[in-house]
file structure20.cif (mmCIF, C-alpha atoms and all ligand atoms)
data_upload
#
loop_
_atom_site.label_atom_id
_atom_site.label_comp_id
_atom_site.auth_asym_id
_atom_site.auth_seq_id
_atom_site.Cartn_x
_atom_site.Cartn_y
_atom_site.Cartn_z
CA MET K 39 -8.74 -29.17 -32.05
CA SER K 40 -5.06 -28.84 -31.34
CA GLY K 41 -4.15 -30.55 -28.11
CA ARG K 42 -1.20 -28.24 -27.63
CA LEU K 43 -3.27 -25.07 -27.81
CA ASP K 44 -5.77 -26.68 -25.50
CA ARG K 45 -3.07 -27.27 -22.89
CA ARG K 46 -1.71 -23.74 -23.19
CA VAL K 47 -5.16 -22.18 -22.82
CA THR K 48 -5.89 -24.40 -19.82
CA ALA K 49 -2.62 -23.46 -18.12
CA VAL K 50 -3.22 -19.72 -18.56
CA ALA K 51 -6.86 -19.99 -17.47
CA GLU K 52 -6.04 -22.00 -14.36
CA GLU K 53 -3.38 -19.52 -13.35
CA LEU K 54 -5.84 -16.62 -13.79
CA LEU K 55 -8.49 -18.43 -11.79
CA ARG K 56 -6.04 -19.13 -8.99
CA ARG K 57 -4.67 -15.60 -8.90
CA LYS K 58 -7.66 -13.42 -9.75
CA LYS K 59 -10.62 -15.76 -9.16
CA VAL K 60 -11.91 -14.58 -12.52
CA VAL K 61 -11.06 -15.66 -16.06
CA ALA K 62 -11.77 -13.34 -18.99
CA PRO K 63 -10.87 -14.09 -22.62
CA LEU K 64 -9.01 -10.78 -22.86
CA ASP K 65 -6.65 -11.87 -20.08
CA VAL K 66 -6.27 -15.36 -21.53
CA LEU K 67 -5.30 -14.02 -24.98
CA SER K 68 -2.85 -11.64 -23.29
CA GLY K 69 -1.54 -14.52 -21.20
CA LEU K 70 -0.94 -16.55 -24.35
CA GLY K 71 1.25 -13.69 -25.54
CA TRP K 72 -1.00 -12.93 -28.49
CA LEU K 73 -2.04 -9.46 -27.36
CA SER K 74 0.51 -6.98 -26.06
CA SER K 75 -0.43 -4.62 -23.23
CA ARG K 76 0.37 -1.85 -25.69
CA SER K 77 -2.28 -2.94 -28.17
CA VAL K 78 -4.84 -3.58 -25.44
CA GLN K 79 -4.14 -0.07 -24.19
CA ALA K 80 -4.56 1.42 -27.67
CA TRP K 81 -7.84 -0.45 -28.00
CA GLU K 82 -9.08 0.80 -24.62
CA LEU K 83 -8.15 4.33 -25.62
CA GLY K 84 -10.33 3.92 -28.69
CA ARG K 85 -7.36 4.22 -31.03
CA VAL K 86 -7.87 0.95 -32.84
CA GLU K 87 -11.18 -0.20 -34.25
CA ARG K 88 -10.94 -3.94 -33.56
CA LEU K 89 -8.79 -5.71 -31.04
CA ASP K 90 -8.39 -8.83 -33.17
CA SER K 91 -6.52 -6.78 -35.77
CA GLN K 92 -3.80 -6.19 -33.15
CA ALA K 93 -3.28 -9.86 -32.30
CA ALA K 94 -0.12 -11.74 -33.16
CA VAL K 95 -2.13 -14.62 -34.64
CA PRO K 96 -4.83 -14.81 -37.36
CA PRO K 97 -8.54 -14.55 -36.43
CA ALA K 98 -9.10 -18.29 -36.92
CA ARG K 99 -6.51 -19.04 -34.26
CA LEU K 100 -8.16 -16.58 -31.85
CA ALA K 101 -11.51 -18.27 -32.40
CA GLU K 102 -9.91 -21.64 -31.75
CA ALA K 103 -8.44 -20.45 -28.43
CA LEU K 104 -11.83 -19.06 -27.38
CA THR K 105 -13.41 -22.44 -28.11
CA CYS K 106 -10.77 -24.19 -25.99
CA LEU K 107 -11.43 -21.73 -23.20
CA HIS K 108 -15.19 -22.23 -23.28
CA GLU K 109 -14.75 -26.01 -23.22
CA TRP K 110 -12.38 -25.81 -20.27
CA ALA K 111 -14.73 -23.47 -18.37
CA ALA K 112 -17.74 -25.73 -19.00
CA GLY K 113 -15.88 -28.59 -17.34
CA GLN K 114 -15.01 -26.56 -14.26
CA GLY K 115 -18.45 -25.63 -12.99
CA LEU K 116 -17.54 -21.95 -13.07
CA VAL K 117 -20.01 -19.09 -12.79
CA LYS K 118 -20.58 -17.36 -16.11
CA SER K 119 -21.24 -13.66 -16.65
CA GLU K 120 -21.04 -11.13 -19.44
CA VAL K 121 -18.63 -8.19 -19.68
CA ASP K 122 -19.05 -4.94 -21.55
CA TYR K 123 -15.84 -3.40 -22.78
CA VAL K 124 -16.07 0.37 -22.90
CA ALA K 125 -13.59 2.85 -24.35
CA ALA K 126 -11.77 5.36 -22.20
CA THR K 127 -13.14 8.08 -24.42
CA ARG K 128 -15.66 10.75 -23.55
CA ASP K 129 -18.46 8.98 -25.41
CA ARG K 130 -17.68 5.72 -23.59
CA ARG K 131 -18.37 3.84 -26.78
CA GLY K 132 -18.51 0.06 -26.72
CA LEU K 133 -15.33 -1.67 -27.82
CA VAL K 134 -15.31 -4.29 -30.52
CA PHE K 135 -13.21 -7.43 -30.45
CA GLY K 136 -13.86 -8.35 -34.06
CA GLY K 137 -14.83 -11.46 -35.92
CA ASP K 138 -18.34 -12.82 -36.37
CA ALA K 139 -21.18 -12.57 -33.90
CA ALA K 140 -20.32 -15.90 -32.25
CA VAL K 141 -16.69 -14.91 -31.65
CA GLU K 142 -17.75 -11.48 -30.42
CA ALA K 143 -20.17 -13.10 -27.96
CA ALA K 144 -17.58 -15.65 -26.84
CA PHE K 145 -15.15 -12.84 -26.13
CA ARG K 146 -17.61 -11.14 -23.76
CA ILE K 147 -18.12 -14.11 -21.45
CA GLN K 148 -16.09 -14.39 -18.29
CA TRP K 149 -16.05 -16.93 -15.46
CA THR K 150 -15.60 -16.66 -11.75
CA ALA K 151 -14.74 -19.40 -9.28
CA PRO K 152 -17.80 -21.00 -7.70
CA GLY K 153 -18.43 -20.53 -4.00
CA LEU K 154 -17.04 -17.02 -3.73
CA SER K 155 -18.61 -14.93 -1.00
CA PRO K 156 -21.30 -12.54 -2.28
CA ALA K 157 -19.07 -9.62 -1.30
CA ARG K 158 -16.22 -10.98 -3.38
CA GLN K 159 -18.54 -11.59 -6.35
CA ALA K 160 -19.88 -8.05 -6.04
CA ARG K 161 -16.34 -6.64 -6.04
CA ILE K 162 -15.43 -8.56 -9.19
CA ALA K 163 -18.64 -7.49 -10.93
CA GLU K 164 -18.09 -3.89 -9.89
CA ARG K 165 -14.54 -3.91 -11.21
CA GLN K 166 -15.72 -5.30 -14.52
CA ALA K 167 -18.65 -2.93 -14.85
CA LYS K 168 -16.62 0.19 -14.14
CA ALA K 169 -15.92 2.20 -17.25
CA PRO K 170 -12.19 2.79 -17.59
CA ASP K 171 -10.89 6.20 -16.63
CA LEU K 172 -10.78 8.95 -19.19
CA VAL K 173 -7.21 9.32 -20.31
CA VAL K 174 -5.27 12.50 -20.98
CA ILE K 175 -1.90 12.27 -22.62
CA GLN K 176 1.19 14.21 -21.67
CA PRO K 177 2.85 14.33 -25.09
CA ASP K 178 6.61 14.41 -25.48
CA LYS K 179 6.49 15.84 -28.99
CA GLN K 180 5.33 19.14 -30.43
CA TRP K 181 1.60 19.01 -30.97
CA HIS K 182 -1.27 21.32 -31.91
CA CYS K 183 -4.91 21.17 -30.98
CA ALA K 184 -7.00 19.85 -33.88
CA GLN K 185 -9.67 22.42 -33.10
CA CYS K 186 -7.98 25.69 -32.09
CA GLY K 187 -4.37 25.11 -33.12
CA GLU K 188 -3.03 25.88 -29.63
CA THR K 189 -0.71 23.59 -27.74
CA GLY K 190 -0.27 22.75 -24.07
CA GLU K 191 1.01 20.32 -21.48
CA PHE K 192 -1.75 17.75 -22.05
CA HIS K 193 -3.99 16.64 -24.84
CA PHE K 194 -7.12 14.59 -24.98
CA LEU K 195 -7.72 12.32 -27.92
CA GLU K 196 -11.11 12.48 -29.54
CA ASP K 197 -11.59 10.36 -32.63
CA GLU K 198 -7.82 10.13 -32.78
CA ARG K 199 -7.40 13.91 -32.98
CA PRO K 200 -5.57 15.68 -30.17
CA LEU K 201 -7.59 18.36 -28.39
CA CYS K 202 -6.24 20.87 -25.93
CA LEU K 203 -7.89 20.81 -22.52
CA VAL K 204 -9.80 24.03 -23.30
CA CYS K 205 -11.39 22.54 -26.41
CA ALA K 206 -11.96 19.26 -24.54
CA ASP K 207 -13.73 21.17 -21.74
CA MET K 208 -11.24 19.89 -19.24
CA ASP K 209 -9.31 23.07 -18.57
CA HIS K 210 -10.90 23.47 -15.14
CA LEU K 211 -9.07 20.37 -13.98
CA VAL K 212 -5.76 20.47 -12.17
CA HIS K 213 -2.93 17.97 -12.38
CA LEU K 214 -2.16 15.90 -9.30
CA PRO K 215 1.06 13.98 -10.01
CA SER K 216 1.33 10.35 -8.89
CA GLY K 217 2.95 9.63 -5.57
CA ASP K 218 0.40 10.13 -2.81
CA ALA K 219 -2.00 7.20 -3.00
CA ALA K 220 -4.41 8.40 -0.30
CA LEU K 221 -4.63 11.91 -1.75
CA THR K 222 -5.11 10.55 -5.27
CA ARG K 223 -7.86 8.15 -4.20
CA ARG K 224 -9.73 10.85 -2.30
CA ALA K 225 -9.38 13.51 -4.97
CA ARG K 226 -10.52 11.07 -7.65
CA LYS K 227 -13.56 10.13 -5.59
CA ALA K 228 -14.55 13.73 -4.87
CA SER K 229 -14.16 14.87 -8.46
CA GLY K 230 -17.14 14.79 -10.79
CA LEU K 231 -14.92 14.75 -13.85
CA ALA K 232 -11.49 13.19 -13.64
CA ALA K 233 -8.93 11.77 -16.01
CA VAL K 234 -5.79 9.71 -15.73
CA VAL K 235 -2.65 11.36 -17.08
CA VAL K 236 -0.36 9.07 -19.02
CA ARG K 237 2.92 9.52 -20.82
CA TRP K 238 4.47 7.28 -23.40
CA SER K 239 7.49 5.43 -22.10
CA LYS K 240 9.96 4.69 -24.87
CA SER K 241 11.82 2.08 -22.86
CA ARG K 242 8.72 0.24 -21.64
CA LYS K 243 6.87 0.71 -24.92
CA ARG K 244 3.66 1.58 -23.14
CA PHE K 245 1.85 4.43 -21.46
CA ASP K 246 2.75 4.99 -17.83
CA ARG K 247 0.51 6.75 -15.35
CA ARG K 248 1.74 10.17 -14.37
CA GLY K 249 -1.08 11.26 -12.10
CA ILE K 250 -4.65 12.40 -12.47
CA LEU K 251 -6.56 15.50 -13.50
CA VAL K 252 -9.26 16.45 -11.02
CA GLU K 253 -11.44 19.38 -10.12
CA ARG K 254 -9.60 21.93 -8.02
CA LYS K 255 -12.27 21.75 -5.33
CA ALA K 256 -11.96 17.96 -5.14
CA LEU K 257 -8.21 18.23 -4.75
CA GLU K 258 -8.57 20.83 -2.02
CA ALA K 259 -11.15 18.74 -0.17
CA ALA K 260 -8.89 15.68 -0.44
CA GLU K 261 -5.93 17.68 0.84
CA GLU K 262 -7.97 18.82 3.83
CA GLN K 263 -8.99 15.23 4.60
CA CYS K 264 -5.39 14.10 4.42
CA LEU K 265 -4.31 16.99 6.66
CA ALA K 266 -7.09 16.10 9.09
CA ASP K 267 -5.80 12.52 9.11
CA GLU K 268 -2.35 13.84 9.87
CA GLU K 269 -3.76 15.87 12.77
CA VAL K 270 -5.70 12.88 14.04
CA ARG K 271 -2.53 10.80 13.93
CA GLU K 272 -0.62 13.50 15.80
CA ARG K 273 -3.30 13.79 18.45
CA ARG K 274 -3.37 10.02 18.86
CA LYS K 275 0.41 9.96 19.26
CA ALA K 276 0.27 12.71 21.89
CA ARG K 277 -2.42 10.77 23.77
CA ASP K 278 -0.30 7.63 23.65
CA ARG K 279 2.69 9.55 24.97
CA GLU K 280 0.62 10.92 27.85
CA ARG K 281 -0.75 7.51 28.66
CA ARG K 282 2.71 5.96 28.68
CA ALA K 283 4.02 8.80 30.82
CA ALA K 284 1.14 8.25 33.26
CA GLN K 285 1.88 4.53 33.31
CA ASP K 286 5.51 5.28 34.00
CA VAL K 287 4.66 7.54 36.91
CA GLU K 288 2.34 4.89 38.30
CA PHE K 289 4.89 2.15 37.81
CA GLN K 290 7.70 4.19 39.32
CA GLY K 291 5.53 4.99 42.35
CA ALA K 292 4.76 1.31 42.89
CA PHE K 293 8.41 0.43 42.39
CA ALA K 294 9.47 3.01 45.00
CA VAL K 295 6.94 1.62 47.47
CA ARG K 296 8.29 -1.89 46.92
CA ILE K 297 11.87 -0.66 47.45
CA GLY K 298 10.70 0.89 50.70
CA GLU K 299 9.21 -2.42 51.82
CA LEU K 300 12.33 -4.42 51.04
CA PHE K 301 14.81 -1.78 52.16
CA PRO K 302 13.28 0.17 55.02
CA GLY K 303 16.69 1.63 55.85
CA LEU K 304 16.81 3.51 52.55
CA ASP K 305 15.31 7.01 52.66
CA GLY K 306 12.25 7.71 50.53
CA GLU K 307 13.94 10.28 48.32
CA ARG K 308 16.66 7.83 47.38
CA ALA K 309 14.13 5.04 46.80
CA ARG K 310 12.17 7.27 44.40
CA ALA K 311 15.34 8.18 42.50
CA ILE K 312 16.23 4.52 42.10
CA ALA K 313 12.69 3.69 40.99
CA GLU K 314 12.69 6.51 38.44
CA HIS K 315 16.03 5.51 37.05
CA ALA K 316 15.03 1.85 36.85
CA GLY K 317 11.70 2.69 35.25
CA VAL K 318 12.75 5.03 32.45
CA ARG K 319 10.95 3.95 29.29
CA SER K 320 12.76 1.90 26.69
CA SER K 321 15.95 2.11 28.71
CA GLY K 322 16.24 -1.64 28.91
CA ARG K 323 16.99 -1.19 32.57
CA VAL K 324 15.99 -3.79 35.07
CA GLY K 325 12.87 -1.95 36.17
CA ARG K 326 11.42 -2.27 32.65
CA SER K 327 11.87 -6.03 32.47
CA ALA K 328 8.91 -8.31 32.97
CA ALA K 329 10.10 -9.26 36.44
CA GLY K 330 10.64 -5.61 37.31
CA GLN K 331 7.14 -4.83 36.09
CA ALA K 332 5.87 -7.49 38.45
CA LEU K 333 7.85 -5.86 41.29
CA ASP K 334 9.50 -9.16 42.00
CA GLU K 335 11.94 -9.06 44.96
CA HIS K 336 14.95 -10.15 42.95
CA ALA K 337 14.30 -7.56 40.22
CA VAL K 338 13.83 -4.76 42.73
CA THR K 339 17.02 -5.82 44.51
CA LEU K 340 18.93 -5.75 41.23
CA ALA K 341 17.82 -2.16 40.65
CA VAL K 342 19.00 -1.23 44.14
CA VAL K 343 22.30 -3.06 43.59
CA ALA K 344 22.83 -1.13 40.36
CA ALA K 345 22.31 2.13 42.25
CA ILE K 346 24.71 1.11 45.01
CA ARG K 347 27.29 0.02 42.46
CA HIS K 348 27.32 3.40 40.76
CA GLU K 349 26.92 5.63 43.80
CA GLU K 350 28.22 3.85 46.87
CA THR K 351 31.30 2.16 45.48
CA GLY K 352 34.33 2.91 43.36
CA TYR K 353 32.94 0.80 40.52
CA ASP K 354 32.63 3.57 37.91
CA ALA K 355 36.07 4.93 38.79
CA MET K 356 37.52 1.45 38.36
CA LEU K 357 35.95 1.12 34.93
CA MET K 358 37.34 4.54 34.00
CA ALA K 359 40.75 3.38 35.14
CA GLY K 360 40.57 0.42 32.81
CA VAL K 361 39.70 -2.30 35.29
CA GLY K 362 37.68 -5.02 33.57
CA ARG K 363 33.99 -5.20 34.41
CA ALA K 364 34.13 -8.70 35.97
CA GLU K 365 37.17 -7.77 38.01
CA ALA K 366 35.58 -4.50 39.18
CA ARG K 367 32.38 -6.27 40.19
CA GLU K 368 34.39 -8.82 42.15
CA ARG K 369 36.20 -6.03 43.97
CA ILE K 370 33.02 -4.22 45.03
CA ARG K 371 30.99 -7.28 46.00
CA GLY K 372 31.75 -6.83 49.71
CA ASP K 373 30.81 -3.14 49.64
CA ILE K 374 27.49 -3.93 47.99
CA ASP K 375 26.60 -6.63 50.48
CA ARG K 376 27.37 -4.27 53.33
CA VAL K 377 25.15 -1.50 51.95
CA LEU K 378 22.33 -3.94 51.19
CA ALA K 379 22.47 -5.33 54.72
CA LEU K 380 22.37 -1.80 56.10
CA TRP K 381 19.38 -0.77 54.02
CA ARG K 382 17.48 -3.98 54.79
CA GLN K 383 17.37 -2.98 58.44
CA GLY K 384 14.67 -0.52 59.25
ZN ZN B 1 -7.93 23.61 -28.55
#
call {"tool": "encode", "arguments": {"input": "structure20.cif", "output": "structure tokens"}}
result
Amino acid sequence: MSGRLDRRVTAVAEELLRRKKVVAPLDVLSGLGWLSSRSVQAWELGRVERLDSQAAVPPARLAEALTCLHEWAAGQGLVKSEVDYVAATRDRRGLVFGGDAAVEAAFRIQWTAPGLSPARQARIAERQAKAPDLVVIQPDKQWHCAQCGETGEFHFLEDERPLCLVCADMDHLVHLPSGDAALTRRARKASGLAAVVVRWSKSRKRFDRRGILVERKALEAAEEQCLADEEVRERRKARDRERRAAQDVEFQGAFAVRIGELFPGLDGERARAIAEHAGVRSSGRVGRSAAGQALDEHAVTLAVVAAIRHEETGYDAMLMAGVGRAEARERIRGDIDRVLALWRQG
């Protein structure tokens, strides 16, 4: 057994276990760089008979890597299970790795980390057991249906022959382009028959997802759910706004009362105006600060001072005339103290 291959297999397997909590030979061979995503895709689409024929190394080397993997897994105390690989074709035929029975069997074993929660184990098993989506191709070349000779926007491959959606009995499906994850998930779930739409990317040398084909009714139901969500969100926002407005009114009322207590000489109307101004949401004004919220004497006084500054003194006019803020404040200090003293007396 080659020690070097052993180390490479171990490194890939450990990384998979760390990242995905599950190690499958398919992912290990891909991780070694021996299987391209393109050839795995072709295999899953049922376009190649045996996966091992697509590998960058000879079958003996593949078998050797699988042996290394099994030895590593045995030493780790991992939980073993079997995977069925199924084609993304209508007949959902079983996919063949290749090689003899022992290699084939070795390829179908996967391992999960021990001690996973039952929920996590169930999720991994479910993901593995799920047949891959049916795939419809959006061709970029001229094509004709192998059955009726027509052409169209999509074709479905059956035994490597392109079929139009009518001949494939998929013409009742509508195309939902990628982009809205929630809508896609819901439409897919509601649709009895569904297929993934892919298009060959020349630059990436693989098929990219372009959306899904789903039943019209499923799409409409999903759209309604998403709209309902939107309405629910809007209603929630409106409720929040009302609640905040109510809080503001309450807060401003309490603030005005506190102003009245500290400054009995100030008339109620004026106190309310100051409280409202100080309490405007998100204004960053003193009334919204933590101390203001607590109706602390200093904070309330600051709000009153701000009002005096703007309304009882020449402060704003000084600023307009280009007097610096510190200088202007210095000049009005006496005025402010006088007004405060006046208002403090009942
Ligand atoms: Zn046709």
call {"tool": "atom_distance", "arguments": {"input": "structure20.cif", "atom1": "atom CA of K:Val47", "atom2": "atom CA of K:Arg85"}}
result
27.7 Å
call {"tool": "residues_near_ligand", "arguments": {"input": "structure20.cif", "ligand": "ligand ZN 1 (chain B)", "cutoff": "9 Å", "atoms": "all atoms listed in the file", "output": "ChimeraX atom specification"}}
result
/K:182-190,193,200-206
call {"tool": "closest_residue", "arguments": {"input": "structure20.cif", "among": "K:Ala364, K:Leu214, K:Val60, K:Leu378", "to": "K:Ile346", "atoms": "all atoms listed in the file"}}
result
K:Leu378
call {"tool": "residues_around", "arguments": {"input": "structure20.cif", "residues": "K:His210", "least_positions_apart": "5", "cutoff": "10 Å", "atoms": "all atoms listed in the file", "output": "ChimeraX atom specification"}}
result
/K:203-204,231,251-254
call {"tool": "atom_distance", "arguments": {"input": "structure20.cif", "atom1": "atom CA of K:Arg367", "atom2": "atom CA of K:Arg382"}}
result
21.0 Å
call {"tool": "closest_residue", "arguments": {"input": "structure20.cif", "among": "K:Ala220, K:Val141, K:Leu54, K:Val212", "to": "K:Ala98", "atoms": "all atoms listed in the file"}}
result
K:Val141
call {"tool": "atom_distance", "arguments": {"input": "structure20.cif", "atom1": "atom CA of K:Asp44", "atom2": "atom CA of K:Gly71"}}
result
14.8 Å
call {"tool": "residues_around", "arguments": {"input": "structure20.cif", "residues": "K:Ala143", "least_positions_apart": "3", "cutoff": "12 Å", "atoms": "all atoms listed in the file", "output": "ChimeraX atom specification"}}
result
/K:63,101,104-105,108,119-123,134-140,146-148
call {"tool": "closest_residue", "arguments": {"input": "structure20.cif", "among": "K:Arg244, K:Arg224, K:Arg45, K:Arg199", "to": "K:Ala80", "atoms": "all atoms listed in the file"}}
result
K:Arg244
call {"tool": "axis_aligned_box", "arguments": {"input": "structure20.cif", "around": "stretch 72-83 of chain K", "padding_each_side": "4 Å", "output": "AutoDock Vina command-line options"}}
result
--center_x -4.3 --center_y -4.3 --center_z -25.9 --size_x 17.6 --size_y 25.3 --size_z 13.3
call {"tool": "residues_around", "arguments": {"input": "structure20.cif", "residues": "K:Lys59", "least_positions_apart": "5", "cutoff": "12 Å", "atoms": "all atoms listed in the file", "output": "ChimeraX atom specification"}}
result
/K:51-54,116-117,148-155,158-159,161-163
call {"tool": "decode", "arguments": {"input": "structure20.cif", "residues": "stretch 74-83 of chain K", "atoms": "all heavy atoms", "output": "PDB file, in the first residue's frame"}}
result
ATOM      1  N   SER K  74     -13.929  14.821 -11.936  1.00  0.00           N
ATOM      2  CA  SER K  74     -14.330  16.219 -12.070  1.00  0.00           C
ATOM      3  C   SER K  74     -15.819  16.336 -11.768  1.00  0.00           C
ATOM      4  O   SER K  74     -16.567  15.365 -11.900  1.00  0.00           O
ATOM      5  CB  SER K  74     -14.041  16.713 -13.484  1.00  0.00           C
ATOM      6  OG  SER K  74     -14.892  16.035 -14.387  1.00  0.00           O
ATOM      7  N   SER K  75     -16.254  17.527 -11.356  1.00  0.00           N
ATOM      8  CA  SER K  75     -17.681  17.720 -11.087  1.00  0.00           C
ATOM      9  C   SER K  75     -18.467  17.508 -12.380  1.00  0.00           C
ATOM     10  O   SER K  75     -19.596  17.053 -12.367  1.00  0.00           O
ATOM     11  CB  SER K  75     -17.935  19.109 -10.517  1.00  0.00           C
ATOM     12  OG  SER K  75     -17.515  20.083 -11.425  1.00  0.00           O
ATOM     13  N   ARG K  76     -17.814  17.799 -13.501  1.00  0.00           N
ATOM     14  CA  ARG K  76     -18.463  17.610 -14.791  1.00  0.00           C
ATOM     15  C   ARG K  76     -18.778  16.139 -15.042  1.00  0.00           C
ATOM     16  O   ARG K  76     -19.875  15.779 -15.484  1.00  0.00           O
ATOM     17  CB  ARG K  76     -17.537  18.145 -15.881  1.00  0.00           C
ATOM     18  CG  ARG K  76     -18.056  17.972 -17.255  1.00  0.00           C
ATOM     19  CD  ARG K  76     -16.979  18.405 -18.230  1.00  0.00           C
ATOM     20  NE  ARG K  76     -17.487  18.327 -19.586  1.00  0.00           N
ATOM     21  CZ  ARG K  76     -16.804  18.739 -20.631  1.00  0.00           C
ATOM     22  NH1 ARG K  76     -15.608  19.260 -20.488  1.00  0.00           N
ATOM     23  NH2 ARG K  76     -17.316  18.636 -21.833  1.00  0.00           N
ATOM     24  N   SER K  77     -17.818  15.256 -14.738  1.00  0.00           N
ATOM     25  CA  SER K  77     -18.092  13.846 -15.021  1.00  0.00           C
ATOM     26  C   SER K  77     -19.059  13.256 -14.001  1.00  0.00           C
ATOM     27  O   SER K  77     -19.869  12.394 -14.345  1.00  0.00           O
ATOM     28  CB  SER K  77     -16.799  13.035 -15.117  1.00  0.00           C
ATOM     29  OG  SER K  77     -15.934  13.336 -14.068  1.00  0.00           O
ATOM     30  N   VAL K  78     -19.005  13.747 -12.762  1.00  0.00           N
ATOM     31  CA  VAL K  78     -19.979  13.277 -11.770  1.00  0.00           C
ATOM     32  C   VAL K  78     -21.382  13.689 -12.209  1.00  0.00           C
ATOM     33  O   VAL K  78     -22.336  12.918 -12.125  1.00  0.00           O
ATOM     34  CB  VAL K  78     -19.648  13.830 -10.362  1.00  0.00           C
ATOM     35  CG1 VAL K  78     -20.752  13.486  -9.370  1.00  0.00           C
ATOM     36  CG2 VAL K  78     -18.319  13.269  -9.871  1.00  0.00           C
ATOM     37  N   GLN K  79     -21.470  14.932 -12.716  1.00  0.00           N
ATOM     38  CA  GLN K  79     -22.758  15.428 -13.196  1.00  0.00           C
ATOM     39  C   GLN K  79     -23.289  14.573 -14.351  1.00  0.00           C
ATOM     40  O   GLN K  79     -24.456  14.187 -14.372  1.00  0.00           O
ATOM     41  CB  GLN K  79     -22.559  16.856 -13.687  1.00  0.00           C
ATOM     42  CG  GLN K  79     -23.636  17.799 -13.241  1.00  0.00           C
ATOM     43  CD  GLN K  79     -23.276  19.236 -13.612  1.00  0.00           C
ATOM     44  OE1 GLN K  79     -22.477  19.494 -14.512  1.00  0.00           O
ATOM     45  NE2 GLN K  79     -23.891  20.161 -12.918  1.00  0.00           N
ATOM     46  N   ALA K  80     -22.408  14.272 -15.302  1.00  0.00           N
ATOM     47  CA  ALA K  80     -22.812  13.459 -16.455  1.00  0.00           C
ATOM     48  C   ALA K  80     -23.300  12.085 -15.998  1.00  0.00           C
ATOM     49  O   ALA K  80     -24.263  11.535 -16.515  1.00  0.00           O
ATOM     50  CB  ALA K  80     -21.636  13.318 -17.428  1.00  0.00           C
ATOM     51  N   TRP K  81     -22.625  11.565 -14.995  1.00  0.00           N
ATOM     52  CA  TRP K  81     -22.991  10.257 -14.436  1.00  0.00           C
ATOM     53  C   TRP K  81     -24.366  10.339 -13.775  1.00  0.00           C
ATOM     54  O   TRP K  81     -25.231   9.499 -14.008  1.00  0.00           O
ATOM     55  CB  TRP K  81     -21.917   9.852 -13.428  1.00  0.00           C
ATOM     56  CG  TRP K  81     -22.101   8.554 -12.722  1.00  0.00           C
ATOM     57  CD1 TRP K  81     -22.140   7.311 -13.298  1.00  0.00           C
ATOM     58  CD2 TRP K  81     -22.241   8.360 -11.317  1.00  0.00           C
ATOM     59  NE1 TRP K  81     -22.288   6.358 -12.325  1.00  0.00           N
ATOM     60  CE2 TRP K  81     -22.357   6.970 -11.098  1.00  0.00           C
ATOM     61  CE3 TRP K  81     -22.252   9.219 -10.222  1.00  0.00           C
ATOM     62  CZ2 TRP K  81     -22.499   6.425  -9.817  1.00  0.00           C
ATOM     63  CZ3 TRP K  81     -22.387   8.688  -8.951  1.00  0.00           C
ATOM     64  CH2 TRP K  81     -22.515   7.295  -8.756  1.00  0.00           C
ATOM     65  N   GLU K  82     -24.576  11.393 -12.981  1.00  0.00           N
ATOM     66  CA  GLU K  82     -25.857  11.557 -12.296  1.00  0.00           C
ATOM     67  C   GLU K  82     -27.005  11.772 -13.282  1.00  0.00           C
ATOM     68  O   GLU K  82     -28.141  11.408 -13.019  1.00  0.00           O
ATOM     69  CB  GLU K  82     -25.794  12.733 -11.312  1.00  0.00           C
ATOM     70  CG  GLU K  82     -25.019  12.378 -10.054  1.00  0.00           C
ATOM     71  CD  GLU K  82     -24.787  13.563  -9.142  1.00  0.00           C
ATOM     72  OE1 GLU K  82     -24.971  14.727  -9.593  1.00  0.00           O
ATOM     73  OE2 GLU K  82     -24.417  13.340  -7.990  1.00  0.00           O
ATOM     74  N   LEU K  83     -26.674  12.376 -14.416  1.00  0.00           N
ATOM     75  CA  LEU K  83     -27.692  12.595 -15.444  1.00  0.00           C
ATOM     76  C   LEU K  83     -27.935  11.326 -16.260  1.00  0.00           C
ATOM     77  O   LEU K  83     -28.750  11.314 -17.172  1.00  0.00           O
ATOM     78  CB  LEU K  83     -27.258  13.717 -16.393  1.00  0.00           C
ATOM     79  CG  LEU K  83     -27.354  15.139 -15.840  1.00  0.00           C
ATOM     80  CD1 LEU K  83     -26.712  16.116 -16.809  1.00  0.00           C
ATOM     81  CD2 LEU K  83     -28.797  15.521 -15.588  1.00  0.00           C
TER      82      LEU K  83
END
